[in-house]
$ cat my_file30.cif   # mmCIF, C-alpha atoms
data_work
#
loop_
_atom_site.label_atom_id
_atom_site.label_comp_id
_atom_site.auth_asym_id
_atom_site.auth_seq_id
_atom_site.Cartn_x
_atom_site.Cartn_y
_atom_site.Cartn_z
CA CYS U 130 -20.23 -93.53 -55.44
CA GLU U 131 -18.74 -92.48 -52.12
CA VAL U 132 -20.30 -89.29 -50.69
CA THR U 133 -18.58 -87.03 -48.06
CA VAL U 134 -20.82 -84.69 -46.07
CA VAL U 135 -19.18 -81.65 -44.37
CA GLU U 136 -20.62 -79.50 -41.59
CA ALA U 137 -22.50 -76.44 -42.77
CA PRO U 138 -20.98 -73.09 -41.68
CA PRO U 139 -22.79 -71.48 -38.75
CA VAL U 140 -25.46 -68.95 -39.59
CA ALA U 141 -24.20 -65.43 -38.73
CA ILE U 142 -26.22 -63.64 -36.05
CA ASN U 143 -26.11 -59.89 -36.70
CA VAL U 144 -25.79 -57.15 -34.05
CA GLU U 145 -29.05 -55.25 -33.55
CA SER U 146 -28.00 -52.58 -31.00
CA VAL U 147 -25.50 -51.51 -28.37
CA SER U 148 -26.02 -49.70 -25.04
CA LEU U 149 -23.89 -48.39 -22.18
CA ASP U 150 -24.39 -48.90 -18.47
CA LYS U 151 -24.20 -45.09 -17.99
CA VAL U 152 -25.49 -42.27 -20.15
CA GLU U 153 -23.97 -39.61 -17.89
CA LEU U 154 -20.76 -39.69 -15.87
CA GLU U 155 -19.16 -37.05 -13.63
CA LEU U 156 -15.47 -37.29 -12.78
CA THR U 157 -12.93 -35.08 -11.05
CA GLU U 158 -9.71 -34.24 -12.86
CA GLY U 159 -7.37 -37.24 -12.59
CA GLU U 160 -10.13 -39.76 -11.77
CA ASN U 161 -11.15 -42.68 -14.02
CA ALA U 162 -14.13 -45.02 -14.45
CA THR U 163 -14.98 -47.90 -16.79
CA LEU U 164 -18.03 -47.97 -19.02
CA THR U 165 -19.62 -51.33 -19.91
CA ALA U 166 -21.10 -51.89 -23.36
CA THR U 167 -23.95 -54.39 -23.84
CA ILE U 168 -24.62 -55.76 -27.33
CA THR U 169 -27.91 -57.30 -28.37
CA PRO U 170 -28.65 -59.97 -29.16
CA GLU U 171 -26.44 -61.56 -26.59
CA ASP U 172 -25.34 -64.29 -29.01
CA ALA U 173 -24.43 -61.91 -31.83
CA THR U 174 -21.61 -63.33 -33.88
CA ASN U 175 -19.30 -60.25 -33.93
CA LYS U 176 -19.32 -58.39 -30.62
CA ASN U 177 -16.21 -56.32 -31.26
CA VAL U 178 -16.49 -52.59 -30.38
CA SER U 179 -14.33 -49.47 -30.59
CA TRP U 180 -14.24 -46.51 -28.25
CA SER U 181 -13.74 -42.79 -28.93
CA SER U 182 -13.90 -39.40 -27.18
CA SER U 183 -15.21 -36.17 -28.71
CA LYS U 184 -12.68 -34.15 -26.65
CA GLU U 185 -9.55 -35.93 -25.55
CA SER U 186 -8.40 -32.69 -23.90
CA VAL U 187 -11.27 -33.24 -21.44
CA ALA U 188 -11.55 -37.06 -21.21
CA THR U 189 -9.85 -40.02 -22.89
CA VAL U 190 -11.06 -43.60 -23.28
CA ASP U 191 -9.07 -46.78 -23.92
CA ALA U 192 -9.93 -49.96 -25.78
CA ASN U 193 -11.59 -51.43 -22.70
CA GLY U 194 -13.93 -48.48 -22.07
CA LYS U 195 -11.81 -47.00 -19.26
CA VAL U 196 -12.47 -43.26 -19.16
CA THR U 197 -9.81 -40.93 -17.68
CA ALA U 198 -10.67 -37.32 -16.70
CA VAL U 199 -8.04 -34.90 -18.05
CA ALA U 200 -9.34 -31.36 -17.50
CA ALA U 201 -12.54 -29.56 -16.54
CA GLY U 202 -15.16 -29.59 -19.30
CA THR U 203 -17.58 -31.88 -21.12
CA ALA U 204 -16.87 -34.72 -23.58
CA THR U 205 -18.92 -37.42 -25.25
CA ILE U 206 -17.63 -41.01 -25.05
CA THR U 207 -18.93 -43.13 -27.94
CA VAL U 208 -18.90 -46.90 -28.32
CA THR U 209 -19.30 -48.27 -31.89
CA THR U 210 -19.97 -51.86 -32.92
CA GLU U 211 -17.81 -53.36 -35.64
CA ASP U 212 -20.86 -55.17 -37.00
CA GLY U 213 -23.41 -52.65 -38.17
CA GLU U 214 -21.65 -49.61 -36.65
CA TYR U 215 -24.28 -49.17 -34.02
CA THR U 216 -23.42 -46.52 -31.38
CA ALA U 217 -24.16 -45.51 -27.84
CA ASN U 218 -23.02 -42.37 -26.01
CA CYS U 219 -22.14 -41.31 -22.50
CA GLU U 220 -21.85 -37.60 -21.62
CA VAL U 221 -18.84 -37.15 -19.34
CA THR U 222 -18.55 -34.01 -17.18
CA VAL U 223 -15.12 -33.36 -15.68
CA VAL U 224 -14.94 -30.99 -12.72
CA GLU U 225 -11.83 -29.19 -11.53
CA ALA U 226 -9.90 -30.98 -8.83
CA PRO U 227 -9.97 -29.17 -5.49
CA PRO U 228 -6.68 -27.47 -4.59
CA VAL U 229 -4.29 -29.45 -2.48
CA ALA U 230 -4.56 -28.22 1.10
CA ILE U 231 -1.40 -26.61 2.48
CA ASN U 232 -1.30 -27.10 6.22
CA VAL U 233 -0.40 -24.41 8.74
CA GLU U 234 2.99 -25.03 10.32
CA SER U 235 3.17 -22.21 12.86
CA VAL U 236 1.88 -18.80 13.93
CA SER U 237 3.80 -15.94 15.54
CA LEU U 238 3.01 -12.48 16.92
CA ASP U 239 4.90 -9.26 16.29
CA LYS U 240 5.10 -8.65 20.06
CA ALA U 241 5.76 -11.09 22.89
CA GLU U 242 4.99 -8.38 25.47
CA LEU U 243 2.75 -5.33 25.36
CA GLU U 244 2.44 -2.55 27.94
CA LEU U 245 -0.77 -0.52 27.98
CA ILE U 246 -2.41 2.06 30.20
CA GLU U 247 -6.02 1.57 31.26
CA GLY U 248 -8.22 2.57 28.33
CA GLU U 249 -5.37 2.37 25.81
CA SER U 250 -5.39 -0.02 22.87
CA GLY U 251 -2.75 -1.66 20.73
CA THR U 252 -2.85 -4.01 17.77
CA LEU U 253 -1.07 -7.34 17.54
CA VAL U 254 -0.15 -8.73 14.12
CA ALA U 255 -0.24 -12.50 13.61
CA THR U 256 1.91 -14.14 10.94
CA VAL U 257 0.90 -17.61 9.75
CA THR U 258 3.44 -19.84 8.02
CA PRO U 259 3.75 -20.98 5.38
CA GLU U 260 2.53 -17.83 3.68
CA ASP U 261 0.44 -19.86 1.21
CA ALA U 262 -1.28 -21.99 3.85
CA THR U 263 -4.81 -22.90 2.78
CA ASN U 264 -6.57 -21.76 5.94
CA LYS U 265 -4.92 -18.73 7.54
CA THR U 266 -7.91 -17.82 9.71
CA VAL U 267 -6.97 -17.11 13.32
CA ILE U 268 -8.99 -16.83 16.52
CA TRP U 269 -8.08 -14.34 19.28
CA SER U 270 -8.71 -14.79 22.97
CA SER U 271 -7.69 -13.39 26.34
CA ASP U 272 -7.22 -15.41 29.48
CA LYS U 273 -8.41 -12.40 31.52
CA ASP U 274 -11.01 -10.23 29.80
CA GLU U 275 -11.30 -8.18 32.98
CA VAL U 276 -7.70 -7.01 32.43
CA ALA U 277 -7.40 -6.89 28.63
CA MET U 278 -9.81 -7.77 25.84
CA VAL U 279 -8.98 -8.58 22.23
CA ASP U 280 -11.20 -8.35 19.15
CA GLU U 281 -11.23 -10.39 15.95
CA ASN U 282 -8.61 -8.08 14.38
CA GLY U 283 -6.06 -8.51 17.17
CA THR U 284 -6.74 -5.08 18.71
CA VAL U 285 -6.11 -5.29 22.44
CA THR U 286 -7.94 -2.93 24.80
CA ALA U 287 -6.65 -2.40 28.32
CA VAL U 288 -9.51 -2.66 30.85
CA ALA U 289 -7.93 -2.61 34.30
CA ALA U 290 -4.50 -2.84 35.92
CA GLY U 291 -3.06 -6.34 35.88
CA THR U 292 -1.54 -8.94 33.56
CA ALA U 293 -3.30 -10.94 30.85
CA THR U 294 -2.20 -13.30 28.10
CA ILE U 295 -3.52 -12.76 24.61
CA ILE U 296 -3.60 -15.99 22.62
CA VAL U 297 -3.90 -16.35 18.87
CA THR U 298 -4.94 -19.78 17.56
CA THR U 299 -4.97 -20.89 13.95
CA GLU U 300 -8.19 -22.43 12.76
CA GLY U 301 -6.17 -24.87 10.70
CA GLY U 302 -3.81 -26.99 12.76
CA LYS U 303 -4.66 -25.26 16.07
CA LYS U 304 -1.20 -23.65 16.31
CA THR U 305 -0.86 -20.93 18.97
CA ALA U 306 1.22 -17.91 19.93
CA GLU U 307 0.96 -15.69 22.99
CA CYS U 308 1.58 -12.10 24.07
CA VAL U 309 1.75 -11.03 27.71
CA VAL U 310 -0.11 -7.75 28.25
CA VAL U 311 0.71 -5.63 31.29
CA VAL U 312 -1.92 -2.98 32.05
CA THR U 313 -1.08 -0.09 34.38
CA LYS U 314 -3.42 2.42 35.98
CA GLN U 315 -4.27 5.63 34.17
CA ALA U 316 -2.06 8.49 35.30
CA ASP U 317 -3.36 11.93 36.20
CA PRO U 318 -4.08 14.20 33.18
CA GLN U 319 -0.88 16.22 33.54
CA GLN U 320 1.21 13.09 33.74
CA ALA U 321 -0.63 11.59 30.78
CA VAL U 322 0.20 14.62 28.61
CA THR U 323 3.81 14.49 29.77
CA SER U 324 3.95 10.82 28.80
CA PHE U 325 2.61 11.68 25.33
CA VAL U 326 5.32 14.32 24.85
CA ASP U 327 8.05 11.99 26.13
CA ARG U 328 6.76 9.35 23.76
CA MET U 329 7.04 11.70 20.76
CA TYR U 330 10.64 12.51 21.67
CA ASP U 331 11.42 8.80 21.89
CA LYS U 332 9.58 7.65 18.73
CA CYS U 333 10.41 10.61 16.44
CA LEU U 334 13.79 11.83 17.67
CA SER U 335 15.12 8.64 19.30
CA ARG U 336 16.08 10.43 22.51
CA GLU U 337 14.77 11.47 25.89
CA ALA U 338 12.98 14.81 26.18
CA ASP U 339 15.02 17.77 27.37
CA SER U 340 13.46 19.60 30.30
CA ASN U 341 12.69 22.84 28.45
CA GLY U 342 11.23 21.08 25.44
CA GLU U 343 9.11 18.80 27.57
CA THR U 344 7.73 21.70 29.59
CA TYR U 345 6.99 23.75 26.47
CA TRP U 346 4.98 21.04 24.72
CA VAL U 347 3.15 19.95 27.87
CA ASP U 348 2.07 23.58 28.45
CA GLN U 349 0.99 23.92 24.82
CA LEU U 350 -1.12 20.75 24.98
CA THR U 351 -2.68 21.32 28.39
CA GLY U 352 -3.43 24.93 27.49
CA GLY U 353 -5.22 23.84 24.31
CA SER U 354 -2.87 25.82 22.04
CA VAL U 355 -2.01 22.74 19.97
CA SER U 356 -3.50 19.33 19.24
CA GLY U 357 -1.89 15.91 19.00
CA ALA U 358 -1.81 16.30 15.22
CA GLN U 359 0.06 19.60 15.44
CA VAL U 360 2.59 18.22 17.90
CA ALA U 361 3.16 15.24 15.63
CA GLU U 362 3.69 17.60 12.70
CA GLN U 363 6.27 19.63 14.61
CA PHE U 364 8.20 16.55 15.71
CA VAL U 365 8.06 14.64 12.42
CA PHE U 366 9.11 17.68 10.37
CA SER U 367 11.48 19.21 12.92
CA LEU U 368 14.98 20.22 11.90
CA GLU U 369 16.35 17.50 14.18
CA ALA U 370 14.22 14.82 12.51
CA ASN U 371 15.02 16.14 9.03
CA GLN U 372 18.74 15.86 9.69
CA LYS U 373 18.31 12.10 9.92
CA ASN U 374 17.75 12.09 6.12
CA LEU U 375 15.31 9.23 6.37
CA SER U 376 14.46 7.22 3.27
CA ASP U 377 10.78 6.88 2.41
CA GLU U 378 10.77 3.39 3.92
CA LYS U 379 12.31 4.57 7.20
CA PHE U 380 9.98 7.58 7.27
CA VAL U 381 6.94 5.31 6.98
CA THR U 382 8.34 2.98 9.65
CA LEU U 383 8.81 5.96 11.97
CA LEU U 384 5.16 6.94 11.46
CA TYR U 385 3.97 3.42 12.27
CA ASN U 386 5.99 3.46 15.49
CA ALA U 387 5.00 6.99 16.51
CA MET U 388 1.40 7.15 15.31
CA MET U 389 0.26 3.53 15.66
CA ASP U 390 2.65 2.21 18.32
CA ARG U 391 3.66 -0.79 16.22
CA ASN U 392 5.94 -1.93 13.46
CA PRO U 393 4.54 -1.72 9.93
CA ASP U 394 2.85 -4.68 8.31
CA SER U 395 4.16 -5.39 4.81
CA GLU U 396 0.84 -4.67 3.07
CA GLY U 397 0.36 -1.34 4.82
CA LYS U 398 3.95 -0.24 4.30
CA ASN U 399 3.82 -1.10 0.61
CA TYR U 400 0.57 0.88 0.30
CA TRP U 401 2.21 4.07 1.56
CA LEU U 402 5.45 3.56 -0.36
CA ASN U 403 3.55 3.03 -3.62
CA ASN U 404 1.55 6.20 -3.02
CA MET U 405 4.74 8.16 -2.34
CA ALA U 406 6.31 6.77 -5.51
CA ASN U 407 3.25 8.08 -7.36
CA GLY U 408 3.57 11.62 -5.99
CA MET U 409 1.99 11.60 -2.50
CA THR U 410 3.93 13.99 -0.26
CA ARG U 411 5.19 13.12 3.20
CA TYR U 412 2.78 15.65 4.67
CA GLU U 413 -0.13 13.79 3.05
CA VAL U 414 1.20 10.50 4.42
CA LEU U 415 1.37 11.98 7.93
CA ASP U 416 -2.21 13.18 7.54
CA GLY U 417 -3.28 9.62 6.76
CA PHE U 418 -1.64 8.31 9.92
CA ILE U 419 -3.14 11.10 12.04
CA LYS U 420 -6.61 10.11 10.80
CA SER U 421 -6.00 6.46 11.74
CA GLU U 422 -7.97 4.70 14.45
CA GLU U 423 -4.72 3.81 16.23
CA PHE U 424 -3.55 7.42 16.59
CA GLY U 425 -7.02 8.41 17.76
CA GLY U 426 -6.73 5.73 20.45
CA ILE U 427 -3.29 6.98 21.51
CA CYS U 428 -4.58 10.55 21.86
CA SER U 429 -7.57 9.32 23.84
CA THR U 430 -5.31 7.35 26.17
CA TYR U 431 -3.13 10.37 26.88
CA LYS U 432 -6.15 12.66 27.31
CA ILE U 433 -5.31 15.03 24.47
CA THR U 434 -7.26 16.29 21.48
CA ARG U 435 -6.24 14.52 18.30
CA GLY U 436 -6.99 17.45 15.94
CA THR U 437 -6.20 17.67 12.25
CA LEU U 438 -3.51 19.04 9.98
CA ASP U 439 -3.80 22.18 7.88
CA MET U 440 -4.01 20.55 4.47
CA ASP U 441 -3.31 23.84 2.70
CA THR U 442 0.25 22.96 3.67
CA VAL U 443 0.23 20.23 1.04
CA ASN U 444 -0.25 22.77 -1.74
CA ILE U 445 2.56 24.90 -0.33
CA GLU U 446 4.76 21.82 -0.15
CA LYS U 447 4.03 21.11 -3.82
CA PHE U 448 4.80 24.75 -4.71
CA VAL U 449 8.23 24.39 -3.09
CA MET U 450 8.93 21.09 -4.86
CA ARG U 451 7.85 22.66 -8.16
CA MET U 452 10.21 25.63 -7.71
CA TYR U 453 13.17 23.35 -7.07
CA ASN U 454 12.34 21.33 -10.17
CA LYS U 455 11.70 24.30 -12.48
CA SER U 456 14.54 26.58 -11.33
CA LEU U 457 17.31 24.40 -9.88
CA GLU U 458 16.38 21.57 -12.24
CA ARG U 459 16.52 18.90 -9.56
CA GLU U 460 14.36 17.17 -6.99
CA ALA U 461 14.07 18.97 -3.68
CA GLU U 462 15.73 17.44 -0.61
CA GLN U 463 13.38 16.85 2.33
CA GLU U 464 15.12 19.36 4.58
CA GLY U 465 14.64 22.09 1.99
CA ILE U 466 11.01 21.13 1.42
CA TYR U 467 10.18 21.37 5.13
CA TYR U 468 12.16 24.56 5.69
CA TRP U 469 10.55 26.56 2.88
CA THR U 470 7.09 25.03 3.28
CA PHE U 471 6.73 26.12 6.89
CA ARG U 472 8.28 29.55 6.27
CA LEU U 473 5.76 30.15 3.50
CA ARG U 474 2.88 28.80 5.58
CA ASN U 475 3.88 30.99 8.54
CA HIS U 476 4.17 34.05 6.24
CA GLU U 477 7.86 34.40 6.97
CA GLU U 478 8.33 34.20 3.21
CA ASN U 479 6.12 34.84 0.19
CA GLY U 480 6.30 33.72 -3.41
CA ALA U 481 8.49 36.66 -4.39
CA THR U 482 11.05 36.36 -1.60
CA PHE U 483 11.23 32.59 -2.04
CA ALA U 484 11.87 32.96 -5.79
CA ASP U 485 14.49 35.61 -5.06
CA LYS U 486 16.36 33.35 -2.64
CA VAL U 487 16.24 30.42 -5.05
CA PHE U 488 17.36 32.33 -8.14
CA PHE U 489 20.17 34.10 -6.30
CA SER U 490 21.19 31.16 -4.11
CA ASP U 491 24.76 29.91 -3.98
CA GLU U 492 23.65 26.80 -5.85
CA MET U 493 22.20 28.86 -8.69
CA ASN U 494 25.19 31.22 -8.79
CA GLN U 495 27.55 28.25 -9.15
CA LYS U 496 25.77 27.28 -12.37
CA ASN U 497 27.26 30.39 -14.06
CA LEU U 498 24.19 30.72 -16.26
CA ASP U 499 24.32 32.94 -19.32
CA ASP U 500 21.52 35.47 -19.77
CA ASP U 501 19.66 33.26 -22.24
CA LYS U 502 19.51 30.28 -19.86
CA PHE U 503 18.64 32.55 -16.89
CA VAL U 504 15.64 34.00 -18.73
CA GLU U 505 14.52 30.57 -19.93
CA LEU U 506 14.50 29.28 -16.35
CA LEU U 507 12.40 32.28 -15.30
CA TYR U 508 9.80 31.44 -17.93
CA ASN U 509 9.65 27.82 -16.74
CA ALA U 510 9.53 28.62 -13.03
CA MET U 511 7.52 31.84 -12.97
CA MET U 512 5.17 31.34 -15.91
CA ASP U 513 5.08 27.56 -16.17
CA ARG U 514 5.89 27.58 -19.89
CA PRO U 515 8.80 27.86 -22.31
CA SER U 516 9.72 31.34 -23.51
CA ASP U 517 8.18 32.86 -26.62
CA GLU U 518 10.57 34.37 -29.11
CA GLY U 519 9.40 37.97 -28.75
CA GLY U 520 9.24 37.89 -24.95
CA LYS U 521 12.67 36.36 -24.56
CA ALA U 522 14.17 38.89 -26.96
CA TYR U 523 12.58 41.69 -24.90
CA TRP U 524 14.24 40.60 -21.66
CA LEU U 525 17.62 39.86 -23.24
CA ASN U 526 17.62 43.28 -24.87
CA ASN U 527 16.84 44.94 -21.51
CA ILE U 528 19.65 43.02 -19.84
CA SER U 529 22.11 44.08 -22.53
CA ASN U 530 21.02 47.69 -21.88
CA GLY U 531 21.80 47.50 -18.17
CA MET U 532 18.77 45.92 -16.48
CA THR U 533 19.91 43.71 -13.59
CA ARG U 534 18.84 40.11 -13.22
CA LYS U 535 17.02 40.98 -9.99
CA GLN U 536 15.01 43.58 -11.92
CA VAL U 537 14.20 40.94 -14.53
CA LEU U 538 13.04 38.58 -11.75
CA SER U 539 10.89 41.35 -10.32
CA GLY U 540 9.23 41.74 -13.70
CA PHE U 541 8.38 38.04 -13.83
CA ILE U 542 7.08 38.16 -10.24
CA SER U 543 4.64 40.91 -11.27
CA SER U 544 3.31 38.85 -14.18
CA ALA U 545 -0.25 37.56 -14.32
CA GLU U 546 1.11 34.02 -14.78
CA PHE U 547 3.12 34.00 -11.54
CA THR U 548 0.26 35.67 -9.69
CA GLY U 549 -2.01 32.86 -10.86
CA ILE U 550 0.50 30.18 -9.84
CA CYS U 551 0.71 31.62 -6.32
CA GLU U 552 -3.08 31.78 -6.06
CA ASN U 553 -3.39 28.17 -7.21
CA TYR U 554 -1.01 26.98 -4.52
CA GLY U 555 -2.56 29.17 -1.83
CA ILE U 556 0.43 31.40 -1.05
CA GLU U 557 0.93 35.15 -0.93
CA ARG U 558 2.73 36.42 -4.03
CA GLY U 559 4.41 39.49 -2.57
CA ASN U 560 6.93 41.74 -4.31
CA LEU U 561 10.64 42.43 -4.19
#
$ encode --input "my_file30.cif" --output "structure tokens"
Amino acid sequence: CEVTVVEAPPVAINVESVSLDKVELELTEGENATLTATITPEDATNKNVSWSSSKESVATVDANGKVTAVAAGTATITVTTEDGEYTANCEVTVVEAPPVAINVESVSLDKAELELIEGESGTLVATVTPEDATNKTVIWSSDKDEVAMVDENGTVTAVAAGTATIIVTTEGGKKTAECVVVVTKQADPQQAVTSFVDRMYDKCLSREADSNGETYWVDQLTGGSVSGAQVAEQFVFSLEANQKNLSDEKFVTLLYNAMMDRNPDSEGKNYWLNNMANGMTRYEVLDGFIKSEEFGGICSTYKITRGTLDMDTVNIEKFVMRMYNKSLEREAEQEGIYYWTFRLRNHEENGATFADKVFFSDEMNQKNLDDDKFVELLYNAMMDRPSDEGGKAYWLNNISNGMTRKQVLSGFISSAEFTGICENYGIERGNL
């Protein structure tokens, strides 16, 4: 008998465990790293493994154990043996990638030259480009601190007569821009006040001072009859300034030039324009500029008292705007607001005479109102409410029996409601 002997199949060696070279791994978004799996025993027959991630939105893993960080968070990478389904884990923490740095390309100043009087100050505004540069920090310096100093905000203070160069340097990129500052000696007090007045003519009215006007305001300031705030009020709200019909944006720009001696920065200008859009009056805006550090510095330089505004004027201003809206059914124009506000404040008009001139103005007469509409407007303007049926019938009946419209207005003026409105706005009611 012929016998054939074949080789016995190898004895299978089973997997006993699996481990990873890392149990924790930290990656930044976009980075990758490879994990190494070690199977024991080393001579196990089937050493095949599979890889998986508990959160592929955070980290993915391929068939070779290469882990790729996707987004900030935590994920568990698991390796599993085909033989025995043994597992090992690695906790992967993905951190957010730092933002890409945007380099500074240039820096510029709003003024290339600046003239100051000893003791005066002015502010330079630096603009770094691009606007979204990562590091927009700037450093200010003066080549002659004995002539002009500059602080960390770009405020330049004139120390002594001479010329100095103010330099702004970006922290990122070391870009520079310069402004030449010329400092002149302080004039005598009378000349300083004259310069302040001339400046107001130039900044507010865009012209040189006439001799009589200059003399009047200089005498008023030197005699202590008015303050810098009151002079500013008279110039900003003068008939000549009002006739310019400035938009809100141009009005704010004028205040920056006149009260801060600089052009507006976009953030500051938007602040005031947003407030005005939400109901702040121009008088309130002027008050804000008068209270500014810059205007205080200007007054100090010209040796005048800064002073304050009479804020009761704001309530009178709002009374005037209200009367236009309630009676003429339109927004008041600035010229009308200023005219009536100051006449009421100066007691040249009272609530009664103002109402009389509005209700019997040419504009109102051209509306050709019937009696019903006329009475309804009186209720809205003089009592701040719609008419009630009985009250309206009472006045219409009186008109049909010969009562004049002026007599009807007089009756509304005498009402408790209109008296209360006048008291709330701080004006004298008066009578016809």
$ resolve_selection --input "my_file30.cif" --expression "the PyMOL selection byres ((chain U and resi 387-397) around 10)" --output "PyMOL selection string"
chain U and resi 239-240+250-256+328-333+358+361+365+381-386+398-402+415+418-428
$ resolve_selection --input "my_file30.cif" --expression "the PyMOL selection byres ((chain U and resi 433) around 12)" --output "NGL selection string"
:U and (318-326 or 346-360 or 424-432 or 434-436)
$ closest_residue --input "my_file30.cif" --among "U:Ala226, U:Ala293, U:Val208, U:Leu156" --to "U:Val190" --atoms "all atoms listed in the file"
U:Val208
$ atom_distance --input "my_file30.cif" --atom1 "atom CA of U:Ala287" --atom2 "atom CA of U:Glu247"
5.0 Å
$ resolve_selection --input "my_file30.cif" --expression "the PyMOL selection byres ((chain U and resi 500-508) around 12)" --output "PDB file with C-alpha atoms, in the frame of the given file"
ATOM      1  CA  MET U 452      10.210  25.630  -7.710  1.00  0.00           C
ATOM      2  CA  TYR U 453      13.170  23.350  -7.070  1.00  0.00           C
ATOM      3  CA  ASN U 454      12.340  21.330 -10.170  1.00  0.00           C
ATOM      4  CA  LYS U 455      11.700  24.300 -12.480  1.00  0.00           C
ATOM      5  CA  SER U 456      14.540  26.580 -11.330  1.00  0.00           C
ATOM      6  CA  LEU U 457      17.310  24.400  -9.880  1.00  0.00           C
ATOM      7  CA  GLU U 458      16.380  21.570 -12.240  1.00  0.00           C
ATOM      8  CA  ALA U 484      11.870  32.960  -5.790  1.00  0.00           C
ATOM      9  CA  ASP U 485      14.490  35.610  -5.060  1.00  0.00           C
ATOM     10  CA  VAL U 487      16.240  30.420  -5.050  1.00  0.00           C
ATOM     11  CA  PHE U 488      17.360  32.330  -8.140  1.00  0.00           C
ATOM     12  CA  PHE U 489      20.170  34.100  -6.300  1.00  0.00           C
ATOM     13  CA  MET U 493      22.200  28.860  -8.690  1.00  0.00           C
ATOM     14  CA  ASN U 494      25.190  31.220  -8.790  1.00  0.00           C
ATOM     15  CA  LYS U 496      25.770  27.280 -12.370  1.00  0.00           C
ATOM     16  CA  ASN U 497      27.260  30.390 -14.060  1.00  0.00           C
ATOM     17  CA  LEU U 498      24.190  30.720 -16.260  1.00  0.00           C
ATOM     18  CA  ASP U 499      24.320  32.940 -19.320  1.00  0.00           C
ATOM     19  CA  ASN U 509       9.650  27.820 -16.740  1.00  0.00           C
ATOM     20  CA  ALA U 510       9.530  28.620 -13.030  1.00  0.00           C
ATOM     21  CA  MET U 511       7.520  31.840 -12.970  1.00  0.00           C
ATOM     22  CA  MET U 512       5.170  31.340 -15.910  1.00  0.00           C
ATOM     23  CA  ASP U 513       5.080  27.560 -16.170  1.00  0.00           C
ATOM     24  CA  ARG U 514       5.890  27.580 -19.890  1.00  0.00           C
ATOM     25  CA  PRO U 515       8.800  27.860 -22.310  1.00  0.00           C
ATOM     26  CA  SER U 516       9.720  31.340 -23.510  1.00  0.00           C
ATOM     27  CA  ASP U 517       8.180  32.860 -26.620  1.00  0.00           C
ATOM     28  CA  GLU U 518      10.570  34.370 -29.110  1.00  0.00           C
ATOM     29  CA  GLY U 520       9.240  37.890 -24.950  1.00  0.00           C
ATOM     30  CA  LYS U 521      12.670  36.360 -24.560  1.00  0.00           C
ATOM     31  CA  ALA U 522      14.170  38.890 -26.960  1.00  0.00           C
ATOM     32  CA  TYR U 523      12.580  41.690 -24.900  1.00  0.00           C
ATOM     33  CA  TRP U 524      14.240  40.600 -21.660  1.00  0.00           C
ATOM     34  CA  LEU U 525      17.620  39.860 -23.240  1.00  0.00           C
ATOM     35  CA  ASN U 526      17.620  43.280 -24.870  1.00  0.00           C
ATOM     36  CA  ASN U 527      16.840  44.940 -21.510  1.00  0.00           C
ATOM     37  CA  ILE U 528      19.650  43.020 -19.840  1.00  0.00           C
ATOM     38  CA  SER U 529      22.110  44.080 -22.530  1.00  0.00           C
ATOM     39  CA  MET U 532      18.770  45.920 -16.480  1.00  0.00           C
ATOM     40  CA  THR U 533      19.910  43.710 -13.590  1.00  0.00           C
ATOM     41  CA  ARG U 534      18.840  40.110 -13.220  1.00  0.00           C
ATOM     42  CA  LYS U 535      17.020  40.980  -9.990  1.00  0.00           C
ATOM     43  CA  GLN U 536      15.010  43.580 -11.920  1.00  0.00           C
ATOM     44  CA  VAL U 537      14.200  40.940 -14.530  1.00  0.00           C
ATOM     45  CA  LEU U 538      13.040  38.580 -11.750  1.00  0.00           C
ATOM     46  CA  SER U 539      10.890  41.350 -10.320  1.00  0.00           C
ATOM     47  CA  GLY U 540       9.230  41.740 -13.700  1.00  0.00           C
ATOM     48  CA  PHE U 541       8.380  38.040 -13.830  1.00  0.00           C
ATOM     49  CA  ILE U 542       7.080  38.160 -10.240  1.00  0.00           C
ATOM     50  CA  SER U 544       3.310  38.850 -14.180  1.00  0.00           C
ATOM     51  CA  GLU U 546       1.110  34.020 -14.780  1.00  0.00           C
ATOM     52  CA  PHE U 547       3.120  34.000 -11.540  1.00  0.00           C
TER      53      PHE U 547
END
$ residues_around --input "my_file30.cif" --residues "U:Ala166" --least-positions-apart "6" --cutoff "7 Å" --atoms "only C-alpha atoms" --output "count of residues only"
4
$ atom_distance --input "my_file30.cif" --atom1 "atom CA of U:Ala461" --atom2 "atom CA of U:Asp441"
19.1 Å
$ residues_around --input "my_file30.cif" --residues "U:Asp172" --least-positions-apart "2" --cutoff "9 Å" --atoms "only C-alpha atoms" --output "list of chain:residue names"
U:Ile142, U:Asn143, U:Val144, U:Ile168, U:Thr169, U:Pro170, U:Thr174, U:Asn175, U:Lys176
$ closest_residue --input "my_file30.cif" --among "U:Ser271, U:Ser237, U:Ser179, U:Thr344" --to "U:Thr294" --atoms "only C-alpha atoms"
U:Ser271
$ residues_near_point --input "my_file30.cif" --point "(-8.0, -30.4, -21.7)" --cutoff "7 Å" --atoms "only C-alpha atoms" --output "list in words"
Glu185, Ser186, Val187, Val199, Ala200 and Ala201 of chain U
$ residues_around --input "my_file30.cif" --residues "U:Ser183" --least-positions-apart "4" --cutoff "7 Å" --atoms "all atoms listed in the file" --output "PyMOL selection string"
chain U and resi 204-206
$ closest_residue --input "my_file30.cif" --among "U:Glu446, U:Glu300, U:Glu275, U:Glu155" --to "U:Val257" --atoms "only C-alpha atoms"
U:Glu300
$ atom_distance --input "my_file30.cif" --atom1 "atom CA of U:Thr216" --atom2 "atom CA of U:Glu171"
16.1 Å
$ closest_residue --input "my_file30.cif" --among "U:Val140, U:Asp327, U:Ala290, U:Glu158" --to "U:Val311" --atoms "all atoms listed in the file"
U:Ala290
